[in-house]
file input13.cif (mmCIF, C-alpha atoms and all ligand atoms)
data_structure
loop_
_atom_site.label_atom_id
_atom_site.label_comp_id
_atom_site.auth_asym_id
_atom_site.auth_seq_id
_atom_site.Cartn_x
_atom_site.Cartn_y
_atom_site.Cartn_z
CA MET B 1 -11.06 8.01 -4.38
CA LYS B 2 -12.18 4.53 -3.58
CA SER B 3 -15.00 3.33 -1.39
CA VAL B 4 -13.89 1.13 1.42
CA LYS B 5 -15.99 -0.99 3.76
CA VAL B 6 -13.98 -2.21 6.66
CA THR B 7 -14.74 -3.73 10.04
CA ILE B 8 -12.56 -2.33 12.80
CA ASN B 9 -12.84 -3.73 16.31
CA GLY B 10 -16.23 -5.16 15.40
CA ARG B 11 -17.67 -1.94 14.00
CA LEU B 12 -18.33 -1.45 10.28
CA TYR B 13 -17.00 1.74 8.65
CA GLU B 14 -17.84 2.87 5.11
CA ARG B 15 -15.70 5.67 3.73
CA GLU B 16 -14.32 7.18 0.57
CA VAL B 17 -10.57 7.08 0.77
CA ALA B 18 -7.70 8.54 -1.26
CA GLU B 19 -6.09 5.69 -3.15
CA HIS B 20 -2.56 6.60 -2.10
CA LYS B 21 -3.39 6.78 1.59
CA THR B 22 -1.86 4.21 3.93
CA LEU B 23 -4.08 2.22 6.25
CA LEU B 24 -2.25 3.84 9.17
CA ARG B 25 -3.19 7.36 8.01
CA PHE B 26 -6.73 6.24 7.30
CA LEU B 27 -7.11 4.92 10.85
CA ARG B 28 -5.62 8.02 12.43
CA ASP B 29 -6.66 10.90 10.17
CA ASP B 30 -9.97 9.73 8.72
CA LEU B 31 -11.37 7.63 11.57
CA GLY B 32 -9.72 9.31 14.55
CA LEU B 33 -8.38 5.98 15.82
CA THR B 34 -5.13 7.48 17.06
CA GLY B 35 -4.14 4.59 19.30
CA THR B 36 -2.12 3.21 16.39
CA LYS B 37 1.08 5.27 16.15
CA GLU B 38 3.28 6.42 13.31
CA GLY B 39 6.95 6.13 14.21
CA CYS B 40 8.98 5.69 11.05
CA GLY B 41 6.29 5.23 8.41
CA ALA B 42 8.66 2.83 6.68
CA GLY B 43 8.18 -0.61 8.18
CA GLU B 44 10.99 -0.37 10.68
CA CYS B 45 9.65 0.44 14.14
CA GLY B 46 6.39 -1.47 14.65
CA ALA B 47 4.53 1.43 16.32
CA CYS B 48 1.80 1.05 13.70
CA MET B 49 1.16 -2.67 14.28
CA ILE B 50 -2.41 -3.91 13.76
CA ILE B 51 -4.04 -7.26 13.12
CA MET B 52 -5.70 -7.54 9.72
CA ASN B 53 -7.73 -10.64 8.85
CA GLY B 54 -6.03 -12.43 11.73
CA VAL B 55 -2.50 -11.56 10.65
CA SER B 56 -0.22 -8.94 12.23
CA VAL B 57 1.00 -6.29 9.79
CA ASN B 58 2.69 -2.89 9.88
CA SER B 59 -0.20 -0.60 8.89
CA CYS B 60 2.19 1.99 7.41
CA MET B 61 2.99 -0.63 4.76
CA VAL B 62 -0.64 -1.31 3.79
CA LEU B 63 -2.86 0.86 1.60
CA ALA B 64 -6.27 1.79 2.97
CA ALA B 65 -7.77 0.72 -0.35
CA GLU B 66 -6.47 -2.81 0.20
CA ALA B 67 -8.38 -3.07 3.45
CA ASN B 68 -11.73 -3.12 1.66
CA GLY B 69 -13.67 -6.04 3.11
CA ALA B 70 -11.09 -6.67 5.84
CA GLU B 71 -11.50 -7.29 9.55
CA ILE B 72 -9.10 -5.18 11.52
CA GLU B 73 -8.13 -5.13 15.18
CA THR B 74 -6.38 -2.12 16.67
CA VAL B 75 -5.32 -1.33 20.21
CA GLU B 76 -8.65 0.42 20.79
CA GLY B 77 -10.37 -2.95 20.54
CA VAL B 78 -8.08 -4.86 22.88
CA GLY B 79 -9.52 -3.73 26.19
CA THR B 80 -11.37 -0.86 27.85
CA ASN B 81 -10.30 1.55 30.60
CA ASP B 82 -12.29 -0.51 33.07
CA GLU B 83 -11.29 -3.85 31.77
CA LEU B 84 -7.76 -4.24 30.47
CA SER B 85 -6.68 -7.29 28.53
CA ALA B 86 -4.35 -9.66 30.36
CA LEU B 87 -1.43 -8.24 28.41
CA GLN B 88 -2.34 -4.62 29.07
CA ASP B 89 -2.72 -5.37 32.74
CA SER B 90 0.60 -7.17 32.79
CA PHE B 91 2.39 -4.30 30.97
CA HIS B 92 0.95 -2.02 33.64
CA ARG B 93 2.09 -4.19 36.55
CA HIS B 94 5.57 -4.77 35.14
CA HIS B 95 6.21 -1.10 34.31
CA ALA B 96 6.62 -2.07 30.67
CA VAL B 97 5.40 1.40 29.64
CA GLN B 98 7.44 4.58 29.92
CA CYS B 99 6.65 7.19 27.25
CA GLY B 100 4.08 4.77 25.85
CA PHE B 101 4.70 5.46 22.19
CA CYS B 102 5.67 1.89 21.35
CA THR B 103 3.05 0.34 23.62
CA PRO B 104 0.05 0.01 21.28
CA GLY B 105 2.26 -1.68 18.68
CA MET B 106 3.85 -3.90 21.34
CA ILE B 107 0.42 -4.92 22.63
CA MET B 108 -0.79 -5.83 19.15
CA THR B 109 2.38 -7.78 18.37
CA ALA B 110 2.23 -9.62 21.70
CA THR B 111 -1.51 -10.30 21.28
CA ASP B 112 -0.83 -11.93 17.92
CA LEU B 113 2.23 -13.78 19.25
CA LEU B 114 0.28 -15.36 22.11
CA ARG B 115 -2.50 -16.43 19.77
CA ARG B 116 0.01 -18.25 17.58
CA THR B 117 2.23 -19.46 20.43
CA PRO B 118 0.35 -19.43 23.75
CA HIS B 119 3.42 -20.36 25.81
CA PRO B 120 6.44 -18.83 24.10
CA SER B 121 9.92 -19.21 25.54
CA ARG B 122 11.92 -16.11 26.37
CA GLU B 123 13.76 -16.51 23.04
CA GLU B 124 10.48 -16.78 21.17
CA ILE B 125 9.25 -13.62 22.86
CA LYS B 126 12.43 -11.77 21.91
CA ASP B 127 12.11 -12.97 18.32
CA GLY B 128 8.42 -12.12 18.35
CA ILE B 129 8.95 -8.47 19.28
CA GLU B 130 11.95 -8.08 16.99
CA GLY B 131 10.00 -5.70 14.77
CA ASN B 132 8.90 -3.38 17.59
CA PHE B 133 11.34 -0.74 18.76
CA CYS B 134 11.22 0.69 22.26
CA ARG B 135 13.47 3.65 23.03
CA CYS B 136 12.71 3.75 26.76
CA THR B 137 12.42 0.49 28.62
CA GLY B 138 15.37 -1.51 27.36
CA TYR B 139 12.81 -4.27 26.59
CA GLU B 140 13.39 -6.20 29.81
CA GLN B 141 10.08 -5.20 31.43
CA ILE B 142 8.21 -5.80 28.18
CA ILE B 143 9.58 -9.33 27.90
CA GLU B 144 8.70 -9.99 31.53
CA ALA B 145 5.18 -8.67 31.05
CA ILE B 146 4.62 -11.02 28.13
CA GLU B 147 6.21 -13.93 29.97
CA ASP B 148 3.91 -13.35 32.89
CA VAL B 149 0.78 -13.66 30.76
CA ALA B 150 2.17 -16.60 28.83
CA GLY B 151 3.12 -18.47 31.97
CA THR B 152 0.19 -17.75 34.21
CA GLU B 153 -2.79 -18.12 31.96
CA ASP B 154 -3.89 -18.61 28.38
CA SER B 155 -4.08 -15.33 26.59
CA HIS B 156 -7.63 -14.08 26.41
CA ALA B 157 -6.26 -10.98 24.76
CA MET I 1 2.50 11.19 2.92
CA LEU I 2 2.73 9.25 -0.29
CA HIS I 3 2.62 10.94 -3.67
CA GLU I 4 -0.71 10.45 -5.45
CA PHE I 5 -1.41 7.39 -7.54
CA SER I 6 -4.39 5.30 -8.60
CA TYR I 7 -4.83 1.89 -7.01
CA ILE I 8 -5.70 -0.83 -9.52
CA GLU I 9 -6.89 -4.22 -8.40
CA PRO I 10 -7.24 -6.68 -11.29
CA GLY I 11 -9.25 -9.79 -10.46
CA SER I 12 -7.78 -12.02 -13.15
CA LEU I 13 -4.51 -12.65 -14.92
CA SER I 14 -5.82 -11.45 -18.29
CA GLU I 15 -7.15 -8.22 -16.79
CA LEU I 16 -3.78 -7.64 -15.13
CA LEU I 17 -1.71 -8.33 -18.25
CA GLU I 18 -3.96 -6.22 -20.47
CA PHE I 19 -3.63 -3.32 -18.07
CA LEU I 20 0.17 -3.61 -18.07
CA ALA I 21 0.21 -3.92 -21.88
CA LYS I 22 -1.38 -0.45 -22.00
CA TYR I 23 0.01 1.29 -18.94
CA GLY I 24 3.10 -0.74 -18.01
CA PRO I 25 5.59 2.14 -18.13
CA GLU I 26 3.50 4.27 -15.75
CA SER I 27 2.69 1.36 -13.45
CA ALA I 28 4.33 -0.18 -10.45
CA VAL I 29 3.39 -3.74 -9.65
CA PHE I 30 2.50 -4.17 -5.99
CA SER I 31 1.96 -7.06 -3.61
CA GLY I 32 3.50 -6.70 -0.13
CA GLY I 33 4.57 -3.12 -0.73
CA THR I 34 7.48 -3.41 1.67
CA ASP I 35 9.91 -2.08 -0.93
CA LEU I 36 7.56 -0.14 -3.18
CA LEU I 37 5.81 1.98 -0.55
CA ILE I 38 9.17 2.94 0.93
CA SER I 39 10.57 4.04 -2.39
CA ILE I 40 7.39 5.95 -3.26
CA ARG I 41 7.57 7.64 0.12
CA ALA I 42 11.20 8.56 -0.49
CA GLY I 43 10.27 10.00 -3.90
CA LEU I 44 12.40 7.44 -5.75
CA GLU I 45 9.45 6.09 -7.67
CA LYS I 46 6.43 8.04 -8.89
CA PRO I 47 4.04 5.57 -10.51
CA VAL I 48 0.71 6.77 -11.88
CA TYR I 49 -0.80 3.35 -11.18
CA VAL I 50 -0.08 0.95 -8.38
CA VAL I 51 -1.27 -2.45 -9.59
CA ASP I 52 -2.08 -4.99 -6.89
CA LEU I 53 -1.39 -8.65 -7.70
CA LYS I 54 -3.06 -10.16 -4.67
CA LYS I 55 -6.54 -10.67 -6.16
CA VAL I 56 -5.25 -12.77 -9.06
CA PRO I 57 -5.79 -16.38 -7.93
CA GLU I 58 -2.98 -17.97 -10.00
CA LEU I 59 -0.43 -15.65 -8.41
CA GLN I 60 -1.35 -16.90 -4.93
CA GLU I 61 -0.39 -20.48 -5.80
CA LEU I 62 2.33 -22.30 -3.89
CA ASN I 63 2.82 -25.91 -5.03
CA PHE I 64 5.20 -28.76 -4.63
CA GLY I 65 5.50 -31.97 -6.64
CA SER I 66 8.19 -34.62 -6.22
CA LYS I 67 8.91 -34.39 -9.99
CA SER I 68 8.10 -30.76 -10.74
CA GLY I 69 9.71 -29.23 -7.66
CA LEU I 70 8.54 -26.11 -5.90
CA SER I 71 6.60 -23.34 -7.56
CA ILE I 72 6.06 -19.98 -5.85
CA GLY I 73 3.52 -17.51 -7.25
CA ALA I 74 4.14 -13.77 -7.43
CA ALA I 75 1.77 -12.87 -4.60
CA VAL I 76 2.95 -15.57 -2.16
CA ASN I 77 4.38 -13.95 0.96
CA VAL I 78 7.59 -15.09 2.63
CA ASN I 79 5.85 -16.58 5.67
CA ARG I 80 3.77 -18.89 3.51
CA VAL I 81 6.96 -20.23 1.95
CA VAL I 82 8.84 -20.50 5.24
CA GLU I 83 5.95 -22.36 6.85
CA HIS I 84 5.26 -24.67 3.90
CA GLU I 85 5.77 -28.33 4.71
CA ALA I 86 7.65 -29.21 1.52
CA VAL I 87 9.95 -26.23 1.96
CA GLN I 88 10.73 -27.28 5.51
CA SER I 89 11.44 -30.85 4.53
CA HIS I 90 13.03 -30.49 1.07
CA TYR I 91 14.29 -26.93 0.66
CA ARG I 92 15.47 -26.05 4.13
CA ILE I 93 17.82 -23.36 2.92
CA LEU I 94 14.79 -21.32 1.78
CA GLU I 95 13.29 -21.62 5.24
CA ILE I 96 16.56 -20.63 6.94
CA ALA I 97 17.20 -17.62 4.72
CA GLY I 98 13.51 -16.64 4.65
CA ARG I 99 13.45 -16.30 8.41
CA GLU I 100 16.31 -13.82 8.14
CA LEU I 101 14.28 -11.54 5.89
CA ALA I 102 13.05 -8.51 7.87
CA THR I 103 10.55 -9.26 10.66
CA PHE I 104 7.69 -11.72 11.07
CA GLN I 105 5.13 -9.00 10.38
CA LEU I 106 6.90 -7.75 7.26
CA ARG I 107 7.18 -11.36 6.07
CA ASN I 108 3.39 -11.53 6.28
CA ARG I 109 3.44 -8.95 3.48
CA ALA I 110 6.77 -9.20 1.65
CA THR I 111 6.85 -11.70 -1.21
CA VAL I 112 9.68 -13.95 -2.36
CA ILE I 113 9.27 -12.72 -5.92
CA GLY I 114 9.25 -9.09 -4.79
CA ASN I 115 12.59 -9.72 -3.11
CA ILE I 116 13.91 -11.11 -6.41
CA VAL I 117 12.46 -8.45 -8.69
CA THR I 118 13.81 -5.66 -6.47
CA ALA I 119 17.19 -7.22 -7.26
CA SER I 120 18.92 -5.54 -4.40
CA PRO I 121 22.43 -6.97 -3.95
CA CYS I 122 21.46 -7.80 -0.35
CA GLY I 123 18.10 -9.55 -0.99
CA ASP I 124 17.84 -12.52 1.35
CA MET I 125 16.08 -14.83 -1.09
CA SER I 126 18.30 -14.42 -4.14
CA SER I 127 21.45 -16.24 -3.08
CA PRO I 128 19.67 -19.41 -1.83
CA LEU I 129 17.49 -19.44 -4.94
CA LEU I 130 20.59 -19.06 -7.10
CA CYS I 131 22.16 -22.07 -5.38
CA LEU I 132 19.01 -24.08 -6.12
CA ASP I 133 19.02 -23.19 -9.86
CA ALA I 134 15.66 -21.43 -9.62
CA GLU I 135 13.96 -20.30 -12.78
CA VAL I 136 11.67 -17.30 -13.25
CA GLU I 137 8.64 -17.17 -15.51
CA LEU I 138 7.84 -13.81 -17.09
CA LEU I 139 4.33 -13.20 -18.38
CA SER I 140 2.85 -10.48 -20.56
CA ALA I 141 -0.27 -10.14 -22.71
CA SER I 142 1.79 -11.35 -25.67
CA GLY I 143 3.21 -14.50 -24.10
CA SER I 144 5.58 -15.98 -21.60
CA ARG I 145 9.31 -16.62 -21.33
CA SER I 146 11.42 -18.36 -18.74
CA MET I 147 15.03 -17.98 -17.71
CA LEU I 148 17.37 -18.92 -14.91
CA LEU I 149 17.40 -16.51 -12.00
CA LYS I 150 21.11 -16.14 -12.68
CA GLU I 151 20.34 -14.58 -16.06
CA PHE I 152 17.36 -12.62 -14.81
CA ILE I 153 19.29 -10.40 -12.36
CA THR I 154 21.62 -8.19 -14.39
CA GLY I 155 22.83 -5.50 -12.00
CA VAL I 156 22.11 -3.43 -8.90
CA LYS I 157 18.29 -3.26 -8.88
CA LYS I 158 18.32 -4.28 -12.56
CA THR I 159 16.64 -7.29 -14.11
CA GLN I 160 15.46 -8.41 -17.53
CA ILE I 161 11.81 -7.58 -16.76
CA LYS I 162 10.00 -5.30 -19.22
CA PRO I 163 7.35 -2.77 -18.16
CA GLU I 164 4.51 -4.86 -19.59
CA GLU I 165 5.68 -8.03 -17.86
CA ILE I 166 5.34 -9.57 -14.43
CA VAL I 167 7.33 -12.37 -12.87
CA SER I 168 4.42 -14.74 -12.45
CA LYS I 169 6.25 -17.49 -10.62
CA ILE I 170 9.58 -18.86 -9.62
CA THR I 171 10.25 -22.59 -9.94
CA VAL I 172 12.80 -24.50 -7.93
CA PRO I 173 13.76 -27.79 -9.61
CA THR I 174 14.34 -31.02 -7.73
CA THR I 175 18.08 -31.05 -8.57
CA PHE I 176 19.14 -29.86 -5.11
CA MET I 177 16.21 -31.19 -3.14
CA ASP I 178 17.08 -32.29 0.39
CA ALA I 179 20.48 -30.61 0.24
CA ALA I 180 22.01 -29.66 3.55
CA GLY I 181 22.55 -25.97 3.81
CA GLY I 182 23.22 -22.88 5.80
CA TYR I 183 22.92 -19.11 5.51
CA GLU I 184 25.08 -16.60 7.36
CA LYS I 185 24.22 -12.93 7.27
CA LEU I 186 26.15 -10.08 8.82
CA LYS I 187 23.96 -7.36 10.29
CA ARG I 188 24.76 -4.18 12.19
CA ILE I 189 22.35 -4.99 15.03
CA LYS I 190 21.00 -8.12 16.67
CA GLY I 191 17.44 -7.61 15.45
CA HIS I 192 16.24 -7.29 11.87
CA ASP I 193 18.45 -5.41 9.43
CA LEU I 194 19.52 -5.41 5.82
CA GLY I 195 22.42 -7.74 5.20
CA VAL I 196 25.89 -6.19 5.20
CA VAL I 197 27.18 -9.33 3.55
CA ALA I 198 25.71 -12.84 3.38
CA VAL I 199 26.80 -16.31 2.28
CA THR I 200 24.67 -19.32 1.37
CA MET I 201 26.06 -22.84 1.16
CA ILE I 202 24.32 -26.05 0.13
CA LYS I 203 25.66 -29.57 -0.08
CA THR I 204 24.30 -32.68 -1.80
CA LYS I 205 25.82 -36.15 -2.12
CA LYS I 206 28.00 -34.96 -4.96
CA THR I 207 28.56 -31.25 -4.86
CA MET I 208 28.67 -28.10 -2.84
CA ARG I 209 27.44 -24.72 -3.92
CA VAL I 210 28.16 -21.30 -2.52
CA ALA I 211 26.56 -17.92 -3.26
CA VAL I 212 27.54 -14.55 -1.82
CA SER I 213 25.31 -11.46 -1.52
CA SER I 214 26.10 -7.81 -0.89
CA ALA I 215 29.62 -8.27 -2.16
CA ALA I 216 29.14 -7.43 -5.85
CA PRO I 217 26.48 -5.64 -7.98
CA THR I 218 24.48 -8.88 -8.07
CA PRO I 219 24.49 -11.91 -5.80
CA VAL I 220 27.28 -14.18 -7.02
CA LEU I 221 26.97 -17.94 -7.49
CA LEU I 222 30.36 -19.63 -7.47
CA PRO I 223 31.15 -22.60 -9.74
CA ASP I 224 30.31 -25.99 -8.18
CA PHE I 225 32.78 -27.55 -5.77
CA VAL I 226 33.45 -31.23 -5.28
CA LEU I 227 32.69 -32.53 -1.80
CA ASP I 228 36.11 -32.52 -0.19
CA THR I 229 37.29 -29.16 -1.53
CA PRO I 230 39.47 -27.57 1.14
CA VAL I 231 38.15 -24.45 2.78
CA ALA I 232 41.07 -22.35 1.52
CA GLU I 233 40.22 -23.24 -2.06
CA ILE I 234 36.57 -22.19 -1.69
CA GLN I 235 37.69 -18.96 -0.04
CA LYS I 236 40.11 -18.26 -2.87
CA VAL I 237 37.45 -18.78 -5.55
CA ALA I 238 34.99 -16.62 -3.59
CA GLN I 239 37.48 -13.78 -3.14
CA ALA I 240 38.23 -13.77 -6.86
CA ALA I 241 34.53 -13.71 -7.77
CA ILE I 242 33.38 -10.84 -5.55
CA SER I 243 33.98 -7.11 -5.87
CA PRO I 244 32.71 -5.52 -2.66
CA ILE I 245 32.57 -1.77 -2.13
CA ASP I 246 32.81 0.59 0.83
CA ASP I 247 29.42 1.98 1.81
CA VAL I 248 27.47 3.31 4.79
CA ARG I 249 27.17 -0.18 6.19
CA CYS I 250 30.82 -1.26 6.12
CA THR I 251 34.14 -1.31 4.28
CA LYS I 252 35.06 -3.60 1.43
CA GLU I 253 37.88 -5.14 3.48
CA TYR I 254 35.47 -6.09 6.24
CA ARG I 255 33.11 -7.66 3.70
CA ARG I 256 35.94 -9.74 2.25
CA PHE I 257 37.06 -10.76 5.72
CA MET I 258 33.57 -11.89 6.74
CA VAL I 259 33.05 -13.86 3.53
CA ASP I 260 36.06 -16.02 4.49
CA ILE I 261 34.78 -16.47 8.04
CA TYR I 262 31.31 -17.45 6.87
CA ILE I 263 32.63 -19.94 4.33
CA ARG I 264 34.63 -21.65 7.05
CA ARG I 265 31.69 -21.66 9.47
CA LEU I 266 29.19 -22.92 6.90
CA LEU I 267 31.51 -25.64 5.73
CA GLU I 268 31.76 -26.97 9.28
CA GLU I 269 27.99 -26.65 9.64
CA VAL I 270 27.01 -28.52 6.47
CA GLN I 271 29.56 -31.27 7.09
CA HIS I 272 27.78 -32.09 10.29
CA GLU I 273 24.27 -31.76 9.05
CA ARG I 274 22.23 -34.90 8.67
CA GLY I 275 20.40 -35.61 5.45
CA ALA I 276 23.36 -34.39 3.46
CA ALA I 277 24.80 -37.77 2.74
S1 LIG O 301 5.32 3.43 11.55
FE1 LIG O 301 4.99 1.52 10.65
S2 LIG O 301 6.76 0.43 11.15
FE2 LIG O 301 7.20 2.41 11.92
S1 LIG O 302 7.94 3.09 26.28
FE1 LIG O 302 8.81 4.73 25.15
S2 LIG O 302 9.29 3.81 23.28
FE2 LIG O 302 8.69 2.14 24.47
#
call {"tool": "encode", "arguments": {"input": "input13.cif", "output": "structure tokens", "more": "lines below"}}
Ligand code: FES
Ligand code: FES
result
Amino acid sequence: MKSVKVTINGRLYEREVAEHKTLLRFLRDDLGLTGTKEGCGAGECGACMIIMNGVSVNSCMVLAAEANGAEIETVEGVGTNDELSALQDSFHRHHAVQCGFCTPGMIMTATDLLRRTPHPSREEIKDGIEGNFCRCTGYEQIIEAIEDVAGTEDSHA
Amino acid sequence: MLHEFSYIEPGSLSELLEFLAKYGPESAVFSGGTDLLISIRAGLEKPVYVVDLKKVPELQELNFGSKSGLSIGAAVNVNRVVEHEAVQSHYRILEIAGRELATFQLRNRATVIGNIVTASPCGDMSSPLLCLDAEVELLSASGSRSMLLKEFITGVKKTQIKPEEIVSKITVPTTFMDAAGGYEKLKRIKGHDLGVVAVTMIKTKKTMRVAVSSAAPTPVLLPDFVLDTPVAEIQKVAQAAISPIDDVRCTKEYRRFMVDIYIRRLLEEVQHERGAA
């Protein structure tokens, strides 16, 4: 076991964690932050996307022990039920959510993309979400939702 | 769930090398984890210790000098290389091929050296680095040794590394600096995927170089070509040098066919590229 101190969505957590546990499992099983999803567990689907120290990463490919001292953002920190982020609101309006399983990962990827590139072209958006699989929407609505935020206002997400 | 291991996080090079001197055979060296965690998960590797390189400052170094060339430390992720100014202006082929490696988010984790040490026949970084005559430095508690990347990779997922060693850095000399170049990779889908077959080509004022991946147990660097070598000649040499197999991703005939297509396409591409003359 290893002691880990980690700030998640602005709140500090101190826990003992099994050294072979992934950050994804730590978030979900130990902290109950189940917004972050496990699709493949192997770096392929993007359902587990989070932002760690300002950088987007697949949390199934990170060990919890590595996150000691890190600042992490997950979908739970992006908005609240009363106040959605611009991206969440746009996903809602554009019907970019069907089963919803890919959505938290998509939101985190798009949040990071708009921070790096506030006004991405359609191609840049497609490239940006390359690592996030969606089995329902066919991507079109997701791309439109991101375009809408990118074109209409600076991301406050 | 991953099988159980201990996570070791050395804070200095000497601490790291001493640990590997004692426990090398039971250890797996870890940085991005994008290959290691998958193979642990699949039960292909069962290390007792997973040894993280990221806290060792020397291994995070990424430097360029107009005489010394480019030096990439073991813990430097692919995005740092792809976004590095000197890479973009002097070693464009590394930028082009680097952007083909997995996804942006995985490139925030995956390292160039990890891609080399894994020695998969389809690694995106190995064929451009072969074309550039890259050299690897191996370090252990008892000393260091260097060799050309070409000698380092010996077979499918096999290299010359010993359990007590790490590849501390890879150096790219100035020999092929500012070469024009291109990278063509066949994938099964439009998005990110492992390469089914890939070809790298670079061109300087005097020579052209071609390397092919996923078409033999190791990436293959062809002998140098003079500038006006006809496309058919390059294709002939390439076909004689590769030994592709049938696998889940495609047939050997299709691999051979695409190698010819890519050579023709790349040749047209590098001929037109500025900075090559
Ligand atoms: S669960 Fe992490 S990429 Fe699929
Ligand atoms: S909405 Fe179902 S996977 Fe994307």
call {"tool": "atom_distance", "arguments": {"input": "input13.cif", "atom1": "atom CA of Arg92 of chain I", "atom2": "atom CA of Val220 of chain I"}}
result
20.1 Å
call {"tool": "closest_atom_pairs", "arguments": {"input": "input13.cif", "of": "chain B", "to": "chain I", "cutoff": "9 Å", "atoms": "all atoms listed in the file", "output": "JSON lines"}}
result
{"residue": "B:Met1", "atom": "CA", "partner": "I:Ser6", "partner_atom": "CA", "distance": 8.3}
{"residue": "B:Lys2", "atom": "CA", "partner": "I:Tyr7", "partner_atom": "CA", "distance": 8.5}
{"residue": "B:Ala18", "atom": "CA", "partner": "I:Glu4", "partner_atom": "CA", "distance": 8.4}
{"residue": "B:Glu19", "atom": "CA", "partner": "I:Tyr7", "partner_atom": "CA", "distance": 5.6}
{"residue": "B:His20", "atom": "CA", "partner": "I:Glu4", "partner_atom": "CA", "distance": 5.4}
{"residue": "B:Lys21", "atom": "CA", "partner": "I:Leu2", "partner_atom": "CA", "distance": 6.9}
{"residue": "B:Thr22", "atom": "CA", "partner": "I:Leu2", "partner_atom": "CA", "distance": 8.0}
{"residue": "B:Arg25", "atom": "CA", "partner": "I:Met1", "partner_atom": "CA", "distance": 8.5}
{"residue": "B:Gly41", "atom": "CA", "partner": "I:Ile38", "partner_atom": "CA", "distance": 8.3}
{"residue": "B:Ala42", "atom": "CA", "partner": "I:Ile38", "partner_atom": "CA", "distance": 5.8}
{"residue": "B:Gly43", "atom": "CA", "partner": "I:Thr34", "partner_atom": "CA", "distance": 7.1}
{"residue": "B:Glu44", "atom": "CA", "partner": "I:His192", "partner_atom": "CA", "distance": 8.8}
{"residue": "B:Gly46", "atom": "CA", "partner": "I:Gln105", "partner_atom": "CA", "distance": 8.7}
{"residue": "B:Met49", "atom": "CA", "partner": "I:Gln105", "partner_atom": "CA", "distance": 8.4}
{"residue": "B:Val55", "atom": "CA", "partner": "I:Asn108", "partner_atom": "CA", "distance": 7.3}
{"residue": "B:Ser56", "atom": "CA", "partner": "I:Gln105", "partner_atom": "CA", "distance": 5.7}
{"residue": "B:Val57", "atom": "CA", "partner": "I:Gln105", "partner_atom": "CA", "distance": 5.0}
{"residue": "B:Asn58", "atom": "CA", "partner": "I:Gln105", "partner_atom": "CA", "distance": 6.6}
{"residue": "B:Cys60", "atom": "CA", "partner": "I:Leu37", "partner_atom": "CA", "distance": 8.7}
{"residue": "B:Met61", "atom": "CA", "partner": "I:Thr34", "partner_atom": "CA", "distance": 6.1}
{"residue": "B:Val62", "atom": "CA", "partner": "I:Gly33", "partner_atom": "CA", "distance": 7.1}
{"residue": "B:Leu63", "atom": "CA", "partner": "I:Gly33", "partner_atom": "CA", "distance": 8.7}
{"residue": "B:Ala65", "atom": "CA", "partner": "I:Tyr7", "partner_atom": "CA", "distance": 7.4}
{"residue": "B:Glu66", "atom": "CA", "partner": "I:Asp52", "partner_atom": "CA", "distance": 8.6}
{"residue": "B:Thr109", "atom": "CA", "partner": "I:Gln105", "partner_atom": "CA", "distance": 8.5}
{"residue": "B:Asp127", "atom": "CA", "partner": "I:Gly191", "partner_atom": "CA", "distance": 8.1}
{"residue": "B:Gly128", "atom": "CA", "partner": "I:Phe104", "partner_atom": "CA", "distance": 7.3}
{"residue": "B:Ile129", "atom": "CA", "partner": "I:Thr103", "partner_atom": "CA", "distance": 8.8}
{"residue": "B:Glu130", "atom": "CA", "partner": "I:Gly191", "partner_atom": "CA", "distance": 5.7}
{"residue": "B:Gly131", "atom": "CA", "partner": "I:Thr103", "partner_atom": "CA", "distance": 5.5}
call {"tool": "atom_distance", "arguments": {"input": "input13.cif", "atom1": "atom CA of Val172 of chain I", "atom2": "atom CA of Ser71 of chain I"}}
result
6.3 Å
call {"tool": "closest_atom_pairs", "arguments": {"input": "input13.cif", "of": "chain B", "to": "ligand LIG 302 (chain O)", "cutoff": "7 Å", "atoms": "only C-alpha atoms and all ligand atoms", "output": "tab-separated table"}}
result
residue	atom	partner	partner_atom	distance
B:Ala96	CA	O:LIG302	S1	6.9
B:Val97	CA	O:LIG302	S1	4.5
B:Gln98	CA	O:LIG302	S1	4.0
B:Cys99	CA	O:LIG302	FE1	3.9
B:Gly100	CA	O:LIG302	S1	4.2
B:Phe101	CA	O:LIG302	S2	5.0
B:Cys102	CA	O:LIG302	FE2	4.3
B:Thr103	CA	O:LIG302	FE2	6.0
B:Phe133	CA	O:LIG302	S2	6.7
B:Cys134	CA	O:LIG302	FE2	3.7
B:Arg135	CA	O:LIG302	S2	4.2
B:Cys136	CA	O:LIG302	FE1	4.3
B:Thr137	CA	O:LIG302	S1	5.7
call {"tool": "residues_around", "arguments": {"input": "input13.cif", "residues": "Val81 of chain I", "least_positions_apart": "2", "cutoff": "8 Å", "atoms": "only C-alpha atoms", "output": "compact mmCIF listing (two decimals) with C-alpha atoms, keeping the file's coordinate frame"}}
result
# COMPACT_ATOMS: atom_id res chain seq x y z
CA LEU I 62 2.33 -22.30 -3.89
CA ILE I 72 6.06 -19.98 -5.85
CA VAL I 76 2.95 -15.57 -2.16
CA ASN I 77 4.38 -13.95 0.96
CA VAL I 78 7.59 -15.09 2.63
CA ASN I 79 5.85 -16.58 5.67
CA GLU I 83 5.95 -22.36 6.85
CA HIS I 84 5.26 -24.67 3.90
CA VAL I 87 9.95 -26.23 1.96
CA LEU I 94 14.79 -21.32 1.78
CA GLU I 95 13.29 -21.62 5.24
CA GLY I 98 13.51 -16.64 4.65
call {"tool": "residues_around", "arguments": {"input": "input13.cif", "residues": "Leu129 of chain I", "least_positions_apart": "4", "cutoff": "9 Å", "atoms": "all atoms listed in the file", "output": "list in words"}}
result
Ile93, Leu94, Met125, Asp133, Ala134, Glu135, Leu149 and Val172 of chain I
